[in-house]
Amino acid sequence: MRPHAGLRTTPRRRAKVEPSDRLKLAEALLGSDDLATCAQRALDWLGRTAGITRALCLVGDADSVTLLRPVATLGVRGRNVTAFTLDLEAHNDPLVAATIGFGASVFGTNGRPAPSTPLQGTRLVAVPLHGRHTLEEYPVGLLLVTPSDDDGETEARWVASLLGPRLTSLRAAARREEGERRILRERTLLYSIINAVTDPILLTDTEGRITVANARAEALLSAGEDESEGRRRAVALNNMLFSSALTRRAIEGAEPWRHELLLVDPVDGSDLLFELLSTVTVDPREGTGIVSILRNVTDLRRATQEIEENYRKLRLAETDARTERDRLDLIIDSVADPILVTDPNANIVMMNAPAERLFTADPDAGEEARRTVQANDAHFSSFVSNLFFEPGAMRRSGSIGLVDPRTGAPLPVEAISGKIVSEHGEVTAVVTILHDRTQELEREHLYEQLKRASSELEQKVREATAELTRQNELLRRSHFEIEQASAAKSQFLANMSHEFRTPLNAILGYTSMLLKGVTGDLTPHQRRNLERVDSNAHHLLAIINDILDISRIEAGKMPLTVSRFDLKDLVAEVLAEVEPIISRSRLAVTSEQAADVPPLKTDRQKVKQIVINFLTNAIKFTPQGSVEVRTEYVATRDEIAVVVADTGIGISPADRDRIFEDFRQADNSPTREYTGAGLGLAICRRLAGMLDGTITLDSEVGRGSTFTLLVPREVKRA
Amino acid sequence: MKQRRAQPALDANDPPTASKAVLVLIVDDFADNREMYSQFLEFSGFRVAEAQNGHEALEKAFALRPDLIVMDLSLPGLDGWEATRRLKADDRTRTTPVIALTGHALAGHSKGAMDAGCDAFITKPCLPERLLEEIKSMLKGRPDSPERGR
């Protein structure tokens, strides 16, 4: 810039502008991308080269192309400059007209006054700044100069022709940049919105490849290399499920489409149910894509299921209630007794089938039946009303005389009414059940008859009982007499025994003395006869002793003398005592005693008596062969067995029981072969019984007999 | 009816110390039995005195001081049990052995006899030999026992 140029007060012809200066301006304009800088360089160039002292460049905003503001000044400054704007919408402004028009407008000559501008010159040239192609509706700006001569005006036009396209292009660039910034901002906003959405959102191509995905979608469908194996597999599975859903989607058409999709939560592996809402978008540039929104309906599904379940339960309950009610109806109807429900006004509100037969008349029933029904109703109402009028009573029962409308037969009934009381204590209804008393009355009648018959019977029974008592008393007396007789018999036998013994004692004594030669020697004949007397006297004594034993046992006078003893000793003793008989018999008598036989605790004398009896019997009834005495211990029953087995004549089965009877022998005929009173086994049986024992017999005729005494090791009785 | 028979060899008036032979007093109301035992015991070397009832038994026992008494229990008047009790209550006869003899075989008799003080009990019928055995067994150890003499 030349400092002196502006100081020139007089116009003068200046040197022609060199092409190099023009080139410099062009370079300067191209060298700056800034709108204001370009404009300022252009104005500076005008001041320097074209002698222009004051100039102003107005340019439209990037935002608002119709409002021009000063961007560069030459020779002017101050507030009035910065505040100066030009609104291109204001068409009546001469400057606006100059701006919109083509070519420069010159004011201050030819009667066109200069509009008010900060330049304040008499002559004002306004040159619109156009782009090269004037594609835009409005010019980019306006160049105002106050030229001192025509050259200045020419140079201003030339500068404008250079500045206009440059500014236009710069503003376009600025606007483009601004646009891109806005797009970026909007895009960022959009992404943040999408990411803020809690539902996964995706844009995919038709193959299911993800183009855009928000954070939620990425959490489900993408996993980095550093993620855990489980999570990567969950993501892979999700991708597969999602793609397959989308593939079906692609096949099914273009309508917006809902589909349920079950995915896996990569974080905890739980099932997530989504509703997949996808829409096909067709973009001219991007091609066909699918926008998918996944809505998590897991909870919703659960809630739905719960609702469904509740609904199902409700239906069930409803069905149950209906069934219950039907059943109740059925029950009430099936009750043979009439049941009626009445309201507080004694009107019948409900009744079962049996009640209907009494209280409703068929339309085609006769007049008689209708009257009967009315009468029944009146009786019933009166009965029920009475219950309503009794404030305290909850129940009432009584008899009502009804009539069967169908048959006209009287129907006495027992009515039982009960109040149904609401929560507030109000009587809401009365339930009455009627019970047919016809049968009951008949039964009562029958019962009366029965009672009469019964009392007659009772009288007879009483008489019979009295008779029986009398008979019993007689029986008791005769029993007592028999007992007395029995006792007398026993006493008699005891006495007899004594009376027998005293003379027998003398007979035996004297016989013994005679045989012993106390009174001198005897002839052999005398001795033989005396021995027969002695033998018979001994036999008689044995019989007397047996009789005495039986009578003592029967009279309960046989004492039990319990002691502890060894069976072995006892058997030896018996064998020693019986030795004279044994040696006379010439039989082989042996004894075999088990080693494990424990000591006995019972009545020794009685055991001994039994064994002696067994043994003497065996010897007596065994013509030849052997007799064996055995002892055994039956541990399982804690019993001792004494067995006497012989090879004698044996006892036939028919005789086996008889031999235990009193005065019995197997051969009881008068010509029997064996002597003896036949009391031995009968006594043994009784003695064994006293010891809680038993005697058993095993025998075969011609082969021998085996008698066994079984007694407890310890007798229980004291 | 019991019949009084001839007295035995030893008179009641004889002093008990007159002879060395053992004196047995037989008490029985049935004469046949009494005399049978007397005969046999005399035959066996004893001196024998007889009594036919309880009172007589006591009199003779106190008077003769027998070495042993054979007492039938069923006696008319004072019975054998009571006689024995009195004998055992008296200092003169307290130590004299008494053998009870009875035709009753019932248990009560035996026990009653022992309670009364009898030293042995024998049930009739009792052969003379059996009685002899019992008497010898009672007198065992005495120097004047006939057994020793034989």
# chains A, B, ... in the order shown; residues from 1 in each chain; ligands from 1
>>> interface_residues(of="chain A", to="chain B", cutoff="12 Å", atoms="only C-alpha atoms", output="ChimeraX atom specification")
/A:490-491,493-520,534,537-538,540-542,544-549,551-553,555-561
>>> write_last_selection(atoms="C-alpha atoms", output="short mmCIF file (atom, residue, chain, number, x, y, z; two decimals), in the first residue's frame")
data_model
loop_
_atom_site.label_atom_id
_atom_site.label_comp_id
_atom_site.auth_asym_id
_atom_site.auth_seq_id
_atom_site.Cartn_x
_atom_site.Cartn_y
_atom_site.Cartn_z
CA SER A 490 -63.47 -140.64 100.90
CA GLN A 491 -63.76 -140.57 104.67
CA LEU A 493 -62.66 -145.34 102.44
CA ALA A 494 -60.04 -143.87 104.77
CA ASN A 495 -61.81 -145.35 107.74
CA MET A 496 -62.29 -148.64 105.97
CA SER A 497 -58.65 -148.65 105.18
CA HIS A 498 -57.87 -148.24 108.86
CA GLU A 499 -60.32 -150.84 109.87
CA PHE A 500 -58.85 -153.22 107.27
CA ARG A 501 -55.31 -152.54 108.36
CA THR A 502 -55.74 -153.30 112.03
CA PRO A 503 -56.80 -156.96 111.57
CA LEU A 504 -54.50 -157.31 108.57
CA ASN A 505 -51.65 -156.17 110.78
CA ALA A 506 -52.41 -159.02 113.16
CA ILE A 507 -52.75 -161.55 110.32
CA LEU A 508 -49.48 -160.51 108.74
CA GLY A 509 -47.72 -160.30 112.10
CA TYR A 510 -48.75 -163.71 113.36
CA THR A 511 -48.12 -165.32 109.96
CA SER A 512 -44.68 -163.81 109.89
CA MET A 513 -43.93 -165.01 113.41
CA LEU A 514 -45.19 -168.51 112.61
CA LEU A 515 -43.03 -168.63 109.47
CA LYS A 516 -40.06 -167.40 111.47
CA GLY A 517 -40.56 -170.25 113.90
CA VAL A 518 -41.25 -168.04 116.90
CA THR A 519 -43.78 -170.61 118.08
CA GLY A 520 -41.84 -173.64 117.09
CA ASP A 534 -48.98 -164.58 103.96
CA ALA A 537 -52.59 -161.06 103.08
CA HIS A 538 -49.88 -159.02 101.34
CA LEU A 540 -54.93 -157.68 100.17
CA LEU A 541 -52.75 -155.01 101.79
CA ALA A 542 -51.58 -153.82 98.38
CA ILE A 544 -56.09 -151.59 100.36
CA ASN A 545 -53.10 -149.27 99.89
CA ASP A 546 -54.09 -148.57 96.28
CA ILE A 547 -57.67 -147.79 97.26
CA LEU A 548 -56.38 -145.54 99.96
CA ASP A 549 -54.10 -143.73 97.51
CA SER A 551 -59.25 -141.85 97.74
CA ARG A 552 -56.53 -139.63 99.18
CA ILE A 553 -55.78 -138.10 95.80
CA ALA A 555 -60.06 -136.04 98.51
CA GLY A 556 -57.12 -133.71 97.89
CA LYS A 557 -55.33 -135.15 100.87
CA MET A 558 -52.33 -136.47 98.99
CA PRO A 559 -49.55 -134.10 100.00
CA LEU A 560 -46.92 -132.93 97.56
CA THR A 561 -43.46 -133.07 99.06
#
>>> residues_around(residues="stretch 56-62 of chain B", least_positions_apart="4", cutoff="9 Å", atoms="only C-alpha atoms", output="MDAnalysis selection string")
chainID B and resid 12 25:27 49:52 66 69 71 83:84 86:87 90 92:93
>>> residues_around(residues="stretch 257-270 of chain A", least_positions_apart="4", cutoff="7 Å", atoms="only C-alpha atoms", output="count of residues only")
11
>>> select_by_dssp(residues="stretch 18-112 of chain B", states="alpha helix (DSSP H)", output="number ranges by chain")
B: 31-43, 54-64, 80-89, 107-112
>>> write_last_selection(atoms="C-alpha atoms", output="short mmCIF file (atom, residue, chain, number, x, y, z; two decimals), in the first residue's frame")
data_model
loop_
_atom_site.label_atom_id
_atom_site.label_comp_id
_atom_site.auth_asym_id
_atom_site.auth_seq_id
_atom_site.Cartn_x
_atom_site.Cartn_y
_atom_site.Cartn_z
CA ALA B 31 -55.07 -157.03 122.05
CA ASP B 32 -54.14 -159.28 119.10
CA ASN B 33 -51.66 -156.76 117.79
CA ARG B 34 -50.35 -155.86 121.22
CA GLU B 35 -49.71 -159.47 122.13
CA MET B 36 -48.25 -160.27 118.72
CA TYR B 37 -45.61 -157.56 119.12
CA SER B 38 -45.06 -158.64 122.76
CA GLN B 39 -44.46 -162.22 121.78
CA PHE B 40 -42.07 -161.28 119.02
CA LEU B 41 -40.11 -158.78 121.12
CA GLU B 42 -39.78 -161.23 124.02
CA PHE B 43 -38.73 -163.83 121.47
CA GLY B 54 -53.60 -143.84 127.36
CA HIS B 55 -54.08 -143.67 131.10
CA GLU B 56 -52.69 -147.12 131.62
CA ALA B 57 -49.77 -146.24 129.39
CA LEU B 58 -48.91 -143.21 131.57
CA GLU B 59 -49.22 -145.21 134.79
CA LYS B 60 -46.95 -147.96 133.52
CA ALA B 61 -44.48 -145.62 131.98
CA PHE B 62 -44.02 -143.66 135.20
CA ALA B 63 -43.97 -146.84 137.29
CA LEU B 64 -41.79 -149.09 135.14
CA GLY B 80 -51.81 -141.67 121.83
CA TRP B 81 -50.97 -138.06 120.97
CA GLU B 82 -52.06 -136.71 124.33
CA ALA B 83 -50.35 -139.60 126.18
CA THR B 84 -47.12 -138.88 124.33
CA ARG B 85 -47.35 -135.15 125.12
CA ARG B 86 -47.74 -135.95 128.82
CA LEU B 87 -44.87 -138.40 128.76
CA LYS B 88 -42.64 -135.85 127.11
CA ALA B 89 -43.76 -133.22 129.62
CA ALA B 107 -50.46 -137.20 106.45
CA GLY B 108 -52.07 -135.45 109.40
CA HIS B 109 -51.36 -138.36 111.65
CA SER B 110 -47.67 -138.40 111.06
CA LYS B 111 -47.27 -134.67 111.61
CA GLY B 112 -49.47 -134.69 114.71
#
>>> residues_around(residues="stretch 439-442 of chain A", least_positions_apart="5", cutoff="10 Å", atoms="only C-alpha atoms", output="list in words")
Pro412, Val413, Glu414, Tyr447 and Glu448 of chain A
>>> select_by_dssp(residues="stretch 59-124 of chain B", states="strand (DSSP E)", output="list of chain:residue names")
B:Leu68, B:Ile69, B:Val70, B:Met71, B:Asp72, B:Val98, B:Ile99, B:Ala100, B:Leu101, B:Thr102, B:Ala120, B:Phe121, B:Ile122, B:Thr123
>>> closest_residue(among="A:Ala645, A:Val212, A:Leu46, A:Ala172", to="A:Asn617", atoms="only C-alpha atoms")
A:Ala645
>>> residues_around(residues="stretch 74-87 of chain A", least_positions_apart="5", cutoff="8 Å", atoms="only C-alpha atoms", output="ChimeraX atom specification")
/A:40,43-44,47,53-56,58,66-69,95-96,117-119
>>> write_last_selection(atoms="C-alpha atoms", output="JSON list (two decimals), in the first residue's frame")
[["chain", "number", "residue", "atom", "x", "y", "z"],
["A", 40, "GLN", "CA", -10.03, -6.86, 2.62],
["A", 43, "LEU", "CA", -10.27, -3.33, -1.06],
["A", 44, "ASP", "CA", -6.64, -2.73, -0.16],
["A", 47, "GLY", "CA", -6.95, 1.74, -2.59],
["A", 53, "THR", "CA", -9.98, 6.09, -0.86],
["A", 54, "ARG", "CA", -13.16, 4.73, 0.60],
["A", 55, "ALA", "CA", -14.77, 1.37, -0.02],
["A", 56, "LEU", "CA", -16.95, -1.13, 1.74],
["A", 58, "LEU", "CA", -20.81, -6.40, 2.23],
["A", 66, "THR", "CA", -30.27, -12.24, 2.17],
["A", 67, "LEU", "CA", -28.69, -10.25, 4.95],
["A", 68, "LEU", "CA", -25.44, -8.58, 3.83],
["A", 69, "ARG", "CA", -22.96, -7.40, 6.43],
["A", 95, "LEU", "CA", -28.89, -0.45, -2.96],
["A", 96, "VAL", "CA", -30.83, -3.71, -2.92],
["A", 117, "THR", "CA", -23.93, 4.72, 3.34],
["A", 118, "PRO", "CA", -20.98, 4.97, 5.68],
["A", 119, "LEU", "CA", -18.88, 6.07, 2.61]]
>>> residues_around(residues="A:Pro598", least_positions_apart="6", cutoff="10 Å", atoms="only C-alpha atoms", output="VMD selection string")
chain A and resid 565 to 568 632 to 633 635 638 to 640 713
>>> write_last_selection(atoms="N, CA and C atoms", output="tab-separated table (two decimals), in the first residue's frame")
chain	number	residue	atom	x	y	z
A	565	PHE	N	-33.51	-133.72	93.77
A	565	PHE	CA	-32.87	-135.03	93.80
A	565	PHE	C	-32.37	-135.41	92.41
A	566	ASP	N	-31.54	-136.45	92.40
A	566	ASP	CA	-30.96	-136.93	91.16
A	566	ASP	C	-31.75	-138.13	90.67
A	567	LEU	N	-32.11	-138.08	89.39
A	567	LEU	CA	-32.91	-139.16	88.83
A	567	LEU	C	-32.12	-140.48	88.81
A	568	LYS	N	-30.82	-140.34	88.63
A	568	LYS	CA	-29.95	-141.52	88.55
A	568	LYS	C	-30.07	-142.34	89.85
A	632	GLU	N	-34.19	-139.45	80.04
A	632	GLU	CA	-33.79	-138.45	79.03
A	632	GLU	C	-34.18	-137.07	79.53
A	633	TYR	N	-33.49	-136.08	78.94
A	633	TYR	CA	-33.85	-134.69	79.27
A	633	TYR	C	-34.34	-134.02	77.98
A	635	ALA	N	-34.78	-130.88	76.52
A	635	ALA	CA	-34.37	-129.50	76.83
A	635	ALA	C	-35.38	-128.47	76.33
A	638	ASP	N	-37.97	-128.43	78.77
A	638	ASP	CA	-37.47	-128.48	80.13
A	638	ASP	C	-38.19	-129.58	80.92
A	639	GLU	N	-38.26	-130.75	80.28
A	639	GLU	CA	-38.95	-131.88	80.91
A	639	GLU	C	-38.02	-133.09	81.01
A	640	ILE	N	-38.33	-133.91	81.97
A	640	ILE	CA	-37.57	-135.14	82.17
A	640	ILE	C	-38.45	-136.30	81.73
A	713	ARG	N	-39.08	-130.37	84.84
A	713	ARG	CA	-37.89	-130.48	85.69
A	713	ARG	C	-38.19	-129.89	87.07
>>> residues_around(residues="A:Asp692", least_positions_apart="4", cutoff="12 Å", atoms="only C-alpha atoms", output="JSON, numbers by chain")
{"A": [560, 602, 603, 606, 607, 639, 640, 685, 686, 687, 688, 709, 710, 711, 712, 713, 714, 715, 716, 717]}
>>> write_last_selection(atoms="C-alpha atoms", output="tab-separated table (two decimals), in the first residue's frame")
chain	number	residue	atom	x	y	z
A	560	LEU	CA	-46.92	-132.93	97.56
A	602	THR	CA	-40.43	-132.37	92.34
A	603	ASP	CA	-42.04	-135.00	94.56
A	606	LYS	CA	-44.37	-139.98	93.57
A	607	VAL	CA	-41.88	-140.26	90.74
A	639	GLU	CA	-38.95	-131.88	80.91
A	640	ILE	CA	-37.57	-135.14	82.17
A	685	ARG	CA	-51.91	-141.19	85.91
A	686	ARG	CA	-53.20	-139.24	88.92
A	687	LEU	CA	-49.75	-138.90	90.44
A	688	ALA	CA	-48.28	-137.68	87.14
A	709	LEU	CA	-43.43	-140.51	82.12
A	710	LEU	CA	-42.87	-136.87	81.22
A	711	VAL	CA	-42.60	-134.41	84.13
A	712	PRO	CA	-41.39	-130.81	84.29
A	713	ARG	CA	-37.89	-130.48	85.69
A	714	GLU	CA	-39.37	-128.28	88.37
A	715	VAL	CA	-42.92	-128.76	89.59
A	716	LYS	CA	-44.76	-125.45	89.62
A	717	ARG	CA	-46.97	-126.07	92.57
>>> atom_distance(atom1="atom CA of A:Ser105", atom2="atom CA of A:Leu170")
24.6 Å
>>> closest_residue(among="A:Ala196, A:Val533, A:Val349, A:Ala588", to="A:Thr622", atoms="only C-alpha atoms")
A:Ala588
